[in-house]
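Structure file protein-v2.csv (CSV, C-alpha atoms) is printed below.
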```
chain,number,residue,atom,x,y,z
A,1065,MET,CA,74.7,104.0,116.8
A,1066,PRO,CA,77.5,106.6,116.5
A,1067,GLU,CA,77.8,108.0,113.0
A,1068,ARG,CA,81.6,107.2,112.9
A,1069,ARG,CA,81.0,103.5,113.6
A,1070,GLN,CA,78.3,103.4,110.9
A,1071,LEU,CA,80.6,105.1,108.4
A,1072,GLN,CA,83.5,102.7,109.2
A,1073,THR,CA,81.2,99.7,108.7
A,1074,LEU,CA,80.0,101.1,105.4
A,1075,PHE,CA,83.6,101.7,104.4
A,1076,PHE,CA,84.2,98.0,105.0
A,1077,THR,CA,81.3,97.0,102.8
A,1078,ARG,CA,82.9,99.1,100.0
A,1079,PHE,CA,86.2,97.3,100.8
A,1080,ALA,CA,84.5,93.9,100.4
A,1081,ASN,CA,82.7,94.9,97.2
A,1082,SER,CA,85.8,96.2,95.5
A,1083,TYR,CA,87.8,93.2,96.7
A,1084,GLY,CA,85.6,90.9,94.7
A,1085,LEU,CA,85.5,93.1,91.6
A,1086,VAL,CA,89.3,93.6,91.3
A,1087,THR,CA,90.0,89.9,92.0
A,1088,LEU,CA,87.9,88.9,89.0
A,1089,LEU,CA,89.6,91.7,87.0
A,1090,THR,CA,93.0,90.3,88.0
A,1091,LEU,CA,92.1,86.8,87.0
A,1092,LEU,CA,90.2,87.8,83.8
A,1093,SER,CA,93.2,87.1,81.6
A,1094,GLU,CA,93.6,83.7,83.2
A,1095,TYR,CA,90.0,82.9,82.3
A,1096,ILE,CA,90.5,84.2,78.8
A,1097,ASP,CA,93.6,81.9,78.3
A,1098,LEU,CA,91.7,79.0,79.8
A,1099,LEU,CA,88.3,79.3,78.0
A,1100,ASP,CA,89.7,81.0,74.8
A,1101,PRO,CA,86.8,83.3,73.9
A,1102,GLU,CA,87.0,85.5,70.8
A,1103,GLY,CA,85.4,88.6,69.3
A,1104,LEU,CA,82.1,89.6,70.9
A,1105,LEU,CA,82.2,86.6,73.4
A,1106,LEU,CA,85.5,88.0,74.6
A,1107,GLY,CA,83.8,91.3,75.1
A,1108,MET,CA,81.0,89.6,77.0
A,1109,PHE,CA,83.6,88.5,79.6
A,1110,ALA,CA,83.5,92.1,80.8
A,1111,ALA,CA,80.1,93.2,79.4
A,1112,GLY,CA,78.3,90.3,81.2
A,1113,LEU,CA,79.0,92.1,84.5
A,1114,THR,CA,78.0,95.5,83.3
A,1115,LEU,CA,74.8,94.4,81.5
A,1116,ALA,CA,73.6,92.9,84.8
A,1117,GLN,CA,74.6,96.0,86.7
A,1118,ALA,CA,72.7,98.2,84.2
A,1119,GLY,CA,69.5,96.1,84.6
A,1120,THR,CA,69.8,96.3,88.4
A,1121,VAL,CA,70.4,100.0,89.0
A,1122,VAL,CA,66.8,101.3,88.6
A,1123,PRO,CA,65.0,98.9,90.9
A,1124,VAL,CA,67.8,99.1,93.5
A,1125,ALA,CA,67.8,102.9,93.4
A,1126,TYR,CA,64.0,103.1,93.7
A,1127,LEU,CA,63.7,100.5,96.5
A,1128,GLY,CA,66.7,102.1,98.3
A,1129,ASP,CA,64.9,105.4,98.6
A,1130,ARG,CA,61.4,103.9,99.1
A,1131,PHE,CA,62.4,101.3,101.8
A,1132,ASP,CA,65.2,100.5,104.2
A,1133,LYS,CA,68.6,100.7,102.5
A,1134,ARG,CA,70.2,98.6,105.3
A,1135,THR,CA,68.0,95.6,104.6
A,1136,LEU,CA,68.7,95.7,100.9
A,1137,LEU,CA,72.4,96.1,101.5
A,1138,LEU,CA,72.3,92.9,103.7
A,1139,GLY,CA,70.6,91.1,100.8
A,1140,GLY,CA,73.3,92.2,98.4
A,1141,LEU,CA,76.1,91.0,100.7
A,1142,GLY,CA,74.4,87.6,101.2
A,1143,LEU,CA,74.1,87.2,97.4
A,1144,ALA,CA,77.7,88.1,96.9
A,1145,THR,CA,78.8,85.4,99.4
A,1146,VAL,CA,76.9,82.8,97.4
A,1147,VAL,CA,78.1,84.0,94.0
A,1148,TYR,CA,81.8,83.7,94.9
A,1149,GLY,CA,81.1,80.1,95.9
A,1150,LEU,CA,80.0,79.5,92.3
A,1151,PHE,CA,83.0,80.8,90.4
A,1152,PRO,CA,85.2,77.7,91.0
A,1153,LEU,CA,82.5,75.6,89.3
A,1154,VAL,CA,82.6,77.5,86.0
A,1155,GLY,CA,83.6,75.3,83.1
A,1156,SER,CA,82.6,77.2,79.9
A,1157,SER,CA,82.7,80.7,78.5
A,1158,TRP,CA,78.9,81.2,78.7
A,1159,GLY,CA,79.0,79.8,82.3
A,1160,PHE,CA,81.5,82.4,83.2
A,1161,VAL,CA,79.4,85.2,81.6
A,1162,PHE,CA,76.4,84.0,83.6
A,1163,VAL,CA,78.1,84.0,87.0
A,1164,ARG,CA,79.7,87.3,86.2
A,1165,GLY,CA,76.2,88.6,85.6
A,1166,LEU,CA,75.1,87.4,89.1
A,1167,GLN,CA,78.2,89.1,90.5
A,1168,GLY,CA,77.0,92.3,88.7
A,1169,VAL,CA,73.7,92.1,90.5
A,1170,ALA,CA,75.3,91.7,93.9
A,1171,THR,CA,77.9,94.3,93.4
A,1172,THR,CA,75.4,96.9,92.2
A,1173,ILE,CA,73.2,96.4,95.3
A,1174,VAL,CA,76.2,96.6,97.7
A,1175,GLY,CA,78.0,99.4,95.8
A,1176,LEU,CA,75.0,101.7,95.2
A,1177,LEU,CA,73.4,101.4,98.6
A,1178,GLY,CA,76.6,101.5,100.5
A,1179,LEU,CA,77.6,104.6,98.7
A,1180,ALA,CA,74.2,106.2,99.2
A,1181,LEU,CA,74.4,105.6,102.9
A,1182,VAL,CA,77.9,107.1,103.1
A,1183,GLY,CA,76.7,110.2,101.2
A,1184,GLN,CA,73.6,110.5,103.4
A,1185,LEU,CA,75.6,110.3,106.7
A,1186,ALA,CA,78.4,112.6,105.5
A,1187,ARG,CA,78.2,116.3,106.5
A,1188,GLU,CA,77.7,118.6,103.5
A,1189,ASP,CA,80.9,120.7,104.2
A,1190,ASP,CA,83.0,117.5,104.4
A,1191,ARG,CA,81.3,115.3,101.9
A,1192,GLY,CA,84.1,115.2,99.3
A,1193,ASN,CA,86.6,114.2,102.0
A,1194,THR,CA,84.2,111.5,103.4
A,1195,ILE,CA,83.5,110.1,100.0
A,1196,GLY,CA,87.2,110.2,99.1
A,1197,THR,CA,88.0,108.3,102.3
A,1198,SER,CA,85.3,105.8,101.4
A,1199,ASN,CA,86.9,105.4,98.0
A,1200,ALA,CA,90.3,105.0,99.6
A,1201,TRP,CA,89.0,101.9,101.4
A,1202,ARG,CA,87.7,100.7,98.1
A,1203,PHE,CA,91.1,101.1,96.5
A,1204,ALA,CA,92.9,99.5,99.5
A,1205,ALA,CA,90.7,96.5,98.8
A,1206,SER,CA,91.6,96.7,95.1
A,1207,ILE,CA,95.3,96.5,96.0
A,1208,GLY,CA,94.8,93.7,98.4
A,1209,GLY,CA,92.5,91.9,96.0
A,1210,ALA,CA,94.8,92.2,93.1
A,1211,LEU,CA,97.9,91.1,94.9
A,1212,SER,CA,96.3,88.3,96.9
A,1213,ALA,CA,94.4,87.0,93.8
A,1214,GLY,CA,97.7,86.7,91.9
A,1215,LEU,CA,99.6,85.1,94.8
A,1216,LEU,CA,96.8,82.8,95.8
A,1217,TYR,CA,96.0,81.7,92.3
A,1218,ASP,CA,99.7,81.0,91.4
A,1219,ALA,CA,100.0,79.0,94.6
A,1220,PHE,CA,96.6,77.2,95.0
A,1221,GLY,CA,94.3,77.9,92.1
A,1222,PHE,CA,90.8,79.3,91.9
A,1223,GLY,CA,89.2,77.6,94.9
A,1224,VAL,CA,91.2,79.3,97.6
A,1225,VAL,CA,90.8,82.7,95.9
A,1226,PHE,CA,87.0,82.5,95.9
A,1227,GLY,CA,86.9,81.1,99.4
A,1228,VAL,CA,88.6,84.2,100.7
A,1229,LEU,CA,86.1,86.4,98.8
A,1230,ALA,CA,83.1,84.6,100.3
A,1231,ALA,CA,84.6,85.0,103.8
A,1232,ILE,CA,85.1,88.7,103.4
A,1233,CYS,CA,81.6,89.3,102.1
A,1234,GLY,CA,80.2,87.2,105.0
A,1235,LEU,CA,82.1,89.4,107.5
A,1236,ALA,CA,80.7,92.5,105.9
A,1237,PHE,CA,77.2,91.1,106.2
A,1238,LEU,CA,77.7,90.5,109.9
A,1239,ALA,CA,79.2,94.0,110.4
A,1240,VAL,CA,76.3,95.7,108.8
A,1241,LEU,CA,73.9,93.6,110.8
A,1242,ALA,CA,75.6,94.6,114.0
A,1243,TRP,CA,76.5,98.3,113.5
A,1244,VAL,CA,74.5,100.0,110.8
A,1245,GLU,CA,71.1,101.4,111.9
A,1246,PRO,CA,68.0,100.9,109.9
A,1247,ASP,CA,67.5,103.7,107.4
A,1248,GLU,CA,64.4,105.9,108.1
A,1249,THR,CA,65.1,108.6,105.4
A,1250,THR,CA,62.6,107.1,102.9
A,1251,THR,CA,60.9,109.1,100.2
A,1252,SER,CA,57.7,108.6,98.3
A,1253,GLY,CA,57.3,108.7,94.5
A,1254,PHE,CA,59.9,108.0,91.9
A,1255,ALA,CA,62.8,110.3,92.6
A,1256,LEU,CA,64.8,109.1,89.7
A,1257,THR,CA,62.6,111.0,87.3
A,1258,ASP,CA,63.0,114.4,89.0
A,1259,LEU,CA,66.8,114.0,89.5
A,1260,ALA,CA,67.3,112.9,85.9
A,1261,LEU,CA,66.1,116.4,84.9
A,1262,ASN,CA,68.2,118.2,87.5
A,1263,ARG,CA,70.3,120.9,85.7
A,1264,ARG,CA,73.5,120.1,87.4
A,1265,ILE,CA,73.1,116.4,87.0
A,1266,LEU,CA,72.3,116.8,83.3
A,1267,THR,CA,75.6,118.8,82.9
A,1268,ILE,CA,77.8,116.3,84.7
A,1269,THR,CA,76.2,113.4,82.8
A,1270,SER,CA,77.3,115.1,79.5
A,1271,PHE,CA,80.8,114.2,80.7
A,1272,ARG,CA,80.1,111.0,82.5
A,1273,ALA,CA,78.3,109.2,79.7
A,1274,GLN,CA,81.4,109.5,77.5
A,1275,TYR,CA,84.0,109.0,80.2
A,1276,ALA,CA,82.4,105.6,81.0
A,1277,VAL,CA,83.8,104.4,77.7
A,1278,ALA,CA,87.3,105.7,78.6
A,1279,VAL,CA,87.5,104.2,82.0
A,1280,THR,CA,85.9,100.9,81.1
A,1281,LEU,CA,88.2,100.3,78.2
A,1282,VAL,CA,91.4,101.4,79.9
A,1283,ARG,CA,90.8,99.8,83.3
A,1284,THR,CA,89.7,96.5,81.7
A,1285,TRP,CA,92.3,96.3,79.0
A,1286,VAL,CA,95.4,97.2,81.0
A,1287,PRO,CA,95.5,93.8,82.8
A,1288,ILE,CA,94.5,92.1,79.5
A,1289,PHE,CA,97.3,93.9,77.7
A,1290,ALA,CA,99.7,92.8,80.5
A,1291,GLY,CA,98.5,89.2,80.7
A,1292,VAL,CA,97.4,87.7,77.4
A,1293,ALA,CA,99.8,86.1,75.0
A,1294,ALA,CA,102.0,88.3,72.7
A,1295,ALA,CA,100.5,86.6,69.7
A,1296,ARG,CA,97.1,88.2,70.6
A,1297,GLY,CA,98.6,91.6,71.1
A,1298,GLY,CA,99.5,91.5,74.8
A,1299,LEU,CA,102.7,91.4,76.7
A,1300,GLY,CA,102.2,87.7,77.7
A,1301,TYR,CA,103.1,88.0,81.4
A,1302,ASN,CA,100.9,85.0,82.2
A,1303,ALA,CA,103.6,82.9,80.7
A,1304,ALA,CA,106.0,83.9,83.4
A,1305,VAL,CA,106.7,81.9,86.6
A,1306,ASN,CA,104.3,84.1,88.6
A,1307,GLY,CA,102.4,85.7,85.8
A,1308,ALA,CA,99.2,86.3,87.7
A,1309,THR,CA,101.2,88.1,90.4
A,1310,ALA,CA,102.9,90.3,87.7
A,1311,VAL,CA,99.5,91.3,86.4
A,1312,ALA,CA,98.3,92.0,89.9
A,1313,VAL,CA,101.2,94.4,90.5
A,1314,VAL,CA,100.3,96.3,87.3
A,1315,ILE,CA,96.7,96.6,88.6
A,1316,ALA,CA,97.7,97.5,92.1
A,1317,ALA,CA,99.7,100.5,90.9
A,1318,GLU,CA,96.5,102.3,89.8
A,1319,LYS,CA,94.7,101.4,92.9
A,1320,PHE,CA,97.5,102.5,95.2
A,1321,THR,CA,97.9,106.0,93.8
A,1322,ASN,CA,94.1,106.4,93.7
A,1323,MET,CA,93.9,105.4,97.4
A,1324,LEU,CA,96.6,107.8,98.5
A,1325,CYS,CA,95.2,110.8,96.6
A,1326,GLN,CA,91.5,110.6,97.0
A,1327,PRO,CA,91.0,111.9,100.6
A,1328,TYR,CA,93.2,114.9,99.8
A,1329,THR,CA,91.7,115.7,96.4
A,1330,GLY,CA,88.2,115.2,97.9
A,1331,THR,CA,89.1,117.8,100.6
A,1332,LEU,CA,90.3,120.2,97.9
A,1333,SER,CA,87.1,119.9,96.0
A,1334,ASP,CA,85.2,120.7,99.2
A,1335,ARG,CA,87.1,124.0,99.4
A,1336,ALA,CA,87.7,125.0,95.8
A,1337,GLY,CA,84.6,123.7,93.9
A,1338,ARG,CA,84.0,120.5,92.1
A,1339,ALA,CA,83.7,121.1,88.4
A,1340,GLN,CA,87.3,122.0,87.7
A,1341,PHE,CA,88.5,118.8,89.4
A,1342,VAL,CA,86.2,116.8,87.1
A,1343,PHE,CA,87.6,118.5,84.1
A,1344,ALA,CA,91.2,118.3,85.0
A,1345,GLY,CA,91.0,114.6,86.0
A,1346,GLY,CA,89.2,113.6,82.8
A,1347,LEU,CA,91.8,115.4,80.7
A,1348,CYS,CA,94.7,113.9,82.5
A,1349,TYR,CA,93.2,110.4,82.2
A,1350,GLY,CA,92.9,110.7,78.4
A,1351,LEU,CA,96.5,111.9,78.1
A,1352,VAL,CA,97.9,109.0,80.1
A,1353,ALA,CA,95.7,106.4,78.3
A,1354,LEU,CA,97.2,107.5,75.0
A,1355,LEU,CA,100.6,106.5,76.3
A,1356,VAL,CA,99.8,103.0,77.5
A,1357,PRO,CA,100.5,101.2,74.2
A,1358,SER,CA,103.9,102.8,74.1
A,1359,ALA,CA,105.1,101.0,77.2
A,1360,PRO,CA,107.2,98.4,75.3
A,1361,ALA,CA,108.9,101.2,73.2
A,1362,VAL,CA,109.6,103.2,76.4
A,1363,GLY,CA,111.0,100.2,78.2
A,1364,ALA,CA,113.3,99.3,75.3
A,1365,GLY,CA,114.4,102.9,74.7
A,1366,LEU,CA,115.4,103.3,78.3
A,1367,GLY,CA,117.1,99.9,78.5
A,1368,LEU,CA,115.0,98.7,81.4
A,1369,PRO,CA,115.3,95.2,82.8
A,1370,ALA,CA,113.1,92.4,81.4
A,1371,THR,CA,113.6,89.9,84.3
A,1372,PHE,CA,112.5,90.6,87.9
A,1373,PRO,CA,113.0,88.8,91.2
A,1374,PHE,CA,110.2,86.4,92.0
A,1375,LEU,CA,108.2,87.4,89.0
A,1376,GLY,CA,110.5,85.9,86.4
A,1377,ASN,CA,111.1,86.9,82.8
A,1378,LEU,CA,108.6,89.6,81.8
A,1379,SER,CA,109.7,92.4,79.4
A,1380,PRO,CA,111.2,95.9,79.5
A,1381,ALA,CA,107.6,97.2,79.3
A,1382,PHE,CA,106.8,96.1,82.8
A,1383,LEU,CA,108.1,99.1,84.8
A,1384,PRO,CA,106.7,101.7,82.3
A,1385,LEU,CA,103.3,99.9,82.4
A,1386,VAL,CA,103.3,100.0,86.2
A,1387,ALA,CA,104.2,103.7,86.2
A,1388,LEU,CA,101.5,104.6,83.6
A,1389,ASN,CA,98.8,102.7,85.4
A,1390,GLY,CA,99.9,104.5,88.6
A,1391,LEU,CA,99.4,107.8,86.7
A,1392,LEU,CA,96.0,106.7,85.6
A,1393,GLY,CA,95.1,106.3,89.3
A,1394,VAL,CA,96.3,109.9,90.1
A,1395,ALA,CA,94.3,111.3,87.2
A,1396,ASP,CA,91.1,109.4,88.3
A,1397,SER,CA,91.6,110.5,91.9
A,1398,ILE,CA,91.3,114.1,90.8
A,1399,ARG,CA,87.9,113.5,89.3
A,1400,GLU,CA,86.1,110.9,91.3
A,1401,PRO,CA,85.4,112.3,94.7
A,1402,ALA,CA,84.4,115.7,93.2
A,1403,SER,CA,82.0,114.0,90.8
A,1404,MET,CA,80.5,111.7,93.4
A,1405,ALA,CA,80.1,114.6,95.8
A,1406,LEU,CA,78.2,116.6,93.1
A,1407,PHE,CA,75.6,113.7,92.9
A,1408,ALA,CA,75.4,113.5,96.7
A,1409,ASP,CA,74.9,117.2,97.0
A,1410,GLU,CA,71.9,117.1,94.5
A,1411,GLY,CA,70.3,114.0,96.0
A,1412,THR,CA,70.4,114.8,99.7
A,1413,GLY,CA,66.9,115.3,100.9
A,1414,THR,CA,65.3,114.3,97.7
A,1415,GLY,CA,66.6,110.7,97.2
A,1416,VAL,CA,70.3,110.1,97.5
A,1417,ALA,CA,70.1,106.5,96.3
A,1418,SER,CA,68.2,107.7,93.2
A,1419,SER,CA,70.9,110.4,92.6
A,1420,PHE,CA,73.6,107.8,92.7
A,1421,GLY,CA,71.3,105.6,90.6
A,1422,VAL,CA,71.2,108.2,87.9
A,1423,ARG,CA,75.0,108.4,88.1
A,1424,ASP,CA,75.2,104.7,87.7
A,1425,LEU,CA,72.7,104.5,84.9
A,1426,VAL,CA,74.5,107.1,82.8
A,1427,TRP,CA,77.7,105.1,83.2
A,1428,ARG,CA,76.1,101.8,82.0
A,1429,PRO,CA,75.6,102.3,78.2
A,1430,GLY,CA,79.3,103.1,77.8
A,1431,SER,CA,80.4,100.4,80.2
A,1432,VAL,CA,78.3,97.8,78.3
A,1433,LEU,CA,79.2,98.8,74.8
A,1434,ALA,CA,82.9,99.6,75.4
A,1435,PRO,CA,84.0,96.0,76.2
A,1436,LEU,CA,82.3,94.8,73.1
A,1437,ALA,CA,84.1,97.4,71.0
A,1438,GLY,CA,87.3,96.5,72.8
A,1439,GLY,CA,86.9,92.8,72.0
A,1440,TRP,CA,86.3,93.6,68.4
A,1441,LEU,CA,89.3,96.0,68.2
A,1442,THR,CA,91.6,93.5,69.9
A,1443,THR,CA,90.7,90.7,67.5
A,1444,ASN,CA,90.4,92.7,64.2
A,1445,VAL,CA,92.6,95.9,64.5
A,1446,GLY,CA,95.0,95.7,67.4
A,1447,MET,CA,94.9,96.1,71.1
A,1448,ALA,CA,96.6,99.6,71.0
A,1449,TRP,CA,93.4,100.9,69.4
A,1450,VAL,CA,91.4,100.1,72.5
A,1451,PHE,CA,93.5,102.7,74.4
A,1452,TYR,CA,93.2,105.2,71.6
A,1453,LEU,CA,89.4,104.9,71.7
A,1454,GLY,CA,89.4,105.2,75.5
A,1455,ALA,CA,91.6,108.4,75.3
A,1456,GLY,CA,89.3,109.9,72.6
A,1457,ALA,CA,86.2,109.3,74.8
A,1458,ALA,CA,87.8,111.1,77.7
A,1459,PHE,CA,88.7,114.1,75.6
A,1460,THR,CA,85.2,114.4,74.1
A,1461,GLY,CA,83.7,114.1,77.5
A,1462,VAL,CA,85.7,116.9,79.1
A,1463,ALA,CA,85.2,119.1,76.0
A,1464,ALA,CA,81.4,118.6,76.3
A,1465,PHE,CA,81.5,119.4,80.0
A,1466,ALA,CA,83.6,122.5,79.7
A,1467,GLY,CA,81.5,123.7,76.7
A,1468,ILE,CA,78.2,123.4,78.6
A,1469,LEU,CA,79.6,125.3,81.6
A,1470,THR,CA,81.2,127.9,79.4
A,1471,TYR,CA,77.9,128.4,77.5
A,1472,ARG,CA,75.9,128.8,80.8
A,1473,TYR,CA,78.4,130.8,82.9
A,1474,GLY,CA,80.9,132.3,80.6
A,1475,VAL,CA,84.7,131.8,80.6
A,1476,THR,CA,84.7,131.2,84.3
A,1477,GLY,CA,82.2,128.4,84.1
A,1478,LEU,CA,84.4,125.7,85.5
A,1479,ALA,CA,84.8,127.8,88.7
A,1480,GLU,CA,81.0,128.1,89.3
A,1481,TRP,CA,80.5,124.7,91.0
```
Any chance you could put this one into structure tokens?
Amino acid sequence: MPERRQLQTLFFTRFANSYGLVTLLTLLSEYIDLLDPEGLLLGMFAAGLTLAQAGTVVPVAYLGDRFDKRTLLLGGLGLATVVYGLFPLVGSSWGFVFVRGLQGVATTIVGLLGLALVGQLAREDDRGNTIGTSNAWRFAASIGGALSAGLLYDAFGFGVVFGVLAAICGLAFLAVLAWVEPDETTTSGFALTDLALNRRILTITSFRAQYAVAVTLVRTWVPIFAGVAAARGGLGYNAAVNGATAVAVVIAAEKFTNMLCQPYTGTLSDRAGRAQFVFAGGLCYGLVALLVPSAPAVGAGLGLPATFPFLGNLSPAFLPLVALNGLLGVADSIREPASMALFADEGTGTGVASSFGVRDLVWRPGSVLAPLAGGWLTTNVGMAWVFYLGAGAAFTGVAAFAGILTYRYGVTGLAEW
């Protein structure tokens, strides 16, 4: 099977996977208003997904390098199709957490093995661009998922939304079955152990472990900030005529800028080195995250409109929040393809699924604990502090990364990789 056709099919699996994740993110505030969780249970609405993902990474990474990645990928897509059929049946907070956990298992299988196959098929001198293009498909799905989720939910409710998700995952299953070749690049042993001690991977994880807190908090709480009632610290857009659509527009801004920039920034990292892109992207992300709670003050100070065609009465904070989330997408696009290519570089030939498994594992503690902290901060201190904590985690991550490279290579450390 031609390499190009296989890559395009794998890009579509990343599209399907991201479509489901962003749809649930878009509707998260609707479930919060409907089921009314508080405190740690509110945090579990996000952490249920990430806990399941954390528990799935090691076996999936091991099995992906030991056996046929394609077969496992098909299993993940089949499970995802079933899971999206269960969401309309949810009637309680803990029921939602359970089904989100099943979604976490499915999305980890599809995401990790789809990405591993992309990294494996990509040429070394073009890996950043290929991964950036793959991510662009993922963000295109995020835009489509956010906007369609809002529009379909406002018009028809949960059932139609999840029917669309199940259909997309089913199509991805058939595409992989038809066009992706069985994977014969298996390895023996337990590659995760060796790669976890790889010097470059240890250095990048010094950043990634902390940055996980930043991205999980900010990416999860931007739509919560937009959608939940003002009495709970949000902007209350769900109360508008087409509130879910308004939240979807906010989410789509970050996905759109990320989608546009990633193929280009990935190409730049292929040419100029990867470490400086990781550093610059993380720093910019923290700076923008600090500004998110100021969206209402910015909107009021600039005298921006509070009512919008089709969306109804929102607030002057709407346009600033869309713009700030778009800037978060630009910042993350600087970092992500360079970071992912670093892991693919180190894993090629020794266990690329395990390399991405290490990448995923390092992310999980922060992505599990951050929503719990965010739920507590939202209930007890104020939602703005969620974004301040996220910004602080980004800053400490880039400081650790730059510090280690400077210690090892001197003042030009960021230019070494």
Determine, counting all atoms listed in the file, which protein, DNA and RNA residues have an atom within 8 Å of an atom of A:Ala1236; residues of the same chain fewer than 6 positions away are not included. Present the result as a PyMOL selection string. chain A and resi 1073+1076-1077+1080+1141
So that each row is one residue of stretch 1200-1310 of chain A with an atom at most 10 Å from stretch 1423-1434 of chain A, can you give its shortest atom pair and the distance in Å to one decimal, using only C-alpha atoms, rows by chain and rising number, as a tab-separated table?
```
residue	atom	partner	partner_atom	distance
A:Ala1260	CA	A:Arg1423	CA	9.2
A:Ile1265	CA	A:Arg1423	CA	8.3
A:Leu1266	CA	A:Val1426	CA	10.0
A:Ile1268	CA	A:Arg1423	CA	9.0
A:Thr1269	CA	A:Val1426	CA	6.5
A:Ser1270	CA	A:Val1426	CA	9.1
A:Phe1271	CA	A:Val1426	CA	9.7
A:Arg1272	CA	A:Trp1427	CA	6.4
A:Ala1273	CA	A:Val1426	CA	5.3
A:Gln1274	CA	A:Gly1430	CA	6.7
A:Tyr1275	CA	A:Gly1430	CA	7.9
A:Ala1276	CA	A:Gly1430	CA	5.1
A:Val1277	CA	A:Gly1430	CA	4.7
A:Ala1278	CA	A:Ala1434	CA	8.2
A:Val1279	CA	A:Ser1431	CA	8.3
A:Thr1280	CA	A:Ser1431	CA	5.6
A:Leu1281	CA	A:Ala1434	CA	6.0
A:Val1282	CA	A:Ala1434	CA	9.8
A:Thr1284	CA	A:Ala1434	CA	9.8
```
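We find atom CA of A:Ala1170 and atom CA of A:Gln1117 to be spaced 8.4 Å apart.
Residues with any atom within 9 Å of the point (99.8, 104.3, 76.5), counting all atoms listed in the file, are Leu1351, Val1352, Ala1353, Leu1354, Leu1355, Val1356, Pro1357, Ser1358, Ala1359, Leu1385, Leu1388, Ala1448, Phe1451 and Tyr1452 of chain A.
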Could you build a table of the residues in stretch 1192-1219 of chain A lying no more than 9 Å from stretch 1397-1409 of chain A, giving for each the nearest pair of atoms and their separation in Å rounded to one decimal place, using all atoms listed in the file, ordered by chain and ascending residue number, as CSV?
```
residue,atom,partner,partner_atom,distance
A:Gly1192,CA,A:Ala1405,CA,5.3
A:Asn1193,CA,A:Pro1401,CA,7.6
A:Thr1194,CA,A:Pro1401,CA,8.8
A:Ile1195,CA,A:Pro1401,CA,6.0
A:Gly1196,CA,A:Pro1401,CA,5.2
A:Thr1197,CA,A:Pro1401,CA,9.0
A:Asn1199,CA,A:Pro1401,CA,7.8
```
Go ahead and write the residues just picked, C-alpha atoms, as a PDB file, in the coordinates of the input.
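Result file follows (again.pdb):
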```
ATOM      1  CA  GLY A1192      84.100 115.200  99.300  1.00  0.00           C
ATOM      2  CA  ASN A1193      86.600 114.200 102.000  1.00  0.00           C
ATOM      3  CA  THR A1194      84.200 111.500 103.400  1.00  0.00           C
ATOM      4  CA  ILE A1195      83.500 110.100 100.000  1.00  0.00           C
ATOM      5  CA  GLY A1196      87.200 110.200  99.100  1.00  0.00           C
ATOM      6  CA  THR A1197      88.000 108.300 102.300  1.00  0.00           C
ATOM      7  CA  ASN A1199      86.900 105.400  98.000  1.00  0.00           C
TER       8      ASN A1199
END
```
For stretch 1157-1167 of chain A, find every residue with an atom within 10 Å (counting all atoms listed in the file), except residues of its own chain fewer than 4 positions away, and show them as a PyMOL selection string. chain A and resi 1081+1084-1085+1088+1095-1096+1098-1101+1105-1117+1140+1143-1148+1150-1153+1171-1172
Might you pull out every residue within 8 Å of A:Arg1202, with all atoms listed in the file counted and same-chain residues fewer than 3 positions away left off, and present them as a JSON list (two decimals) with C-alpha atoms, in the coordinates of the input?
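The file below, part37.json, is the result:
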```
[["chain", "number", "residue", "atom", "x", "y", "z"],
["A", 1075, "PHE", "CA", 83.60, 101.70, 104.40],
["A", 1078, "ARG", "CA", 82.90, 99.10, 100.00],
["A", 1079, "PHE", "CA", 86.20, 97.30, 100.80],
["A", 1080, "ALA", "CA", 84.50, 93.90, 100.40],
["A", 1081, "ASN", "CA", 82.70, 94.90, 97.20],
["A", 1082, "SER", "CA", 85.80, 96.20, 95.50],
["A", 1083, "TYR", "CA", 87.80, 93.20, 96.70],
["A", 1198, "SER", "CA", 85.30, 105.80, 101.40],
["A", 1199, "ASN", "CA", 86.90, 105.40, 98.00],
["A", 1205, "ALA", "CA", 90.70, 96.50, 98.80],
["A", 1206, "SER", "CA", 91.60, 96.70, 95.10],
["A", 1323, "MET", "CA", 93.90, 105.40, 97.40]]
```
State, in Å with one decimal place, the distance from atom CA of A:Ala1125 to atom CA of A:Val1422. 8.4 Å
Which residues, written as a ChimeraX atom specification, have at least one atom at most 7 Å from stretch 1344-1347 of chain A, with all atoms listed in the file counted and residues fewer than 6 positions away on the same chain left out? /A:1395-1396,1398-1399,1458-1459,1462
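Remark: for A:Gly1214, the closest of the candidate residues A:Thr1135, A:Arg1187, A:Leu1104, A:Glu1094 is A:Glu1094 (distances computed over only C-alpha atoms).
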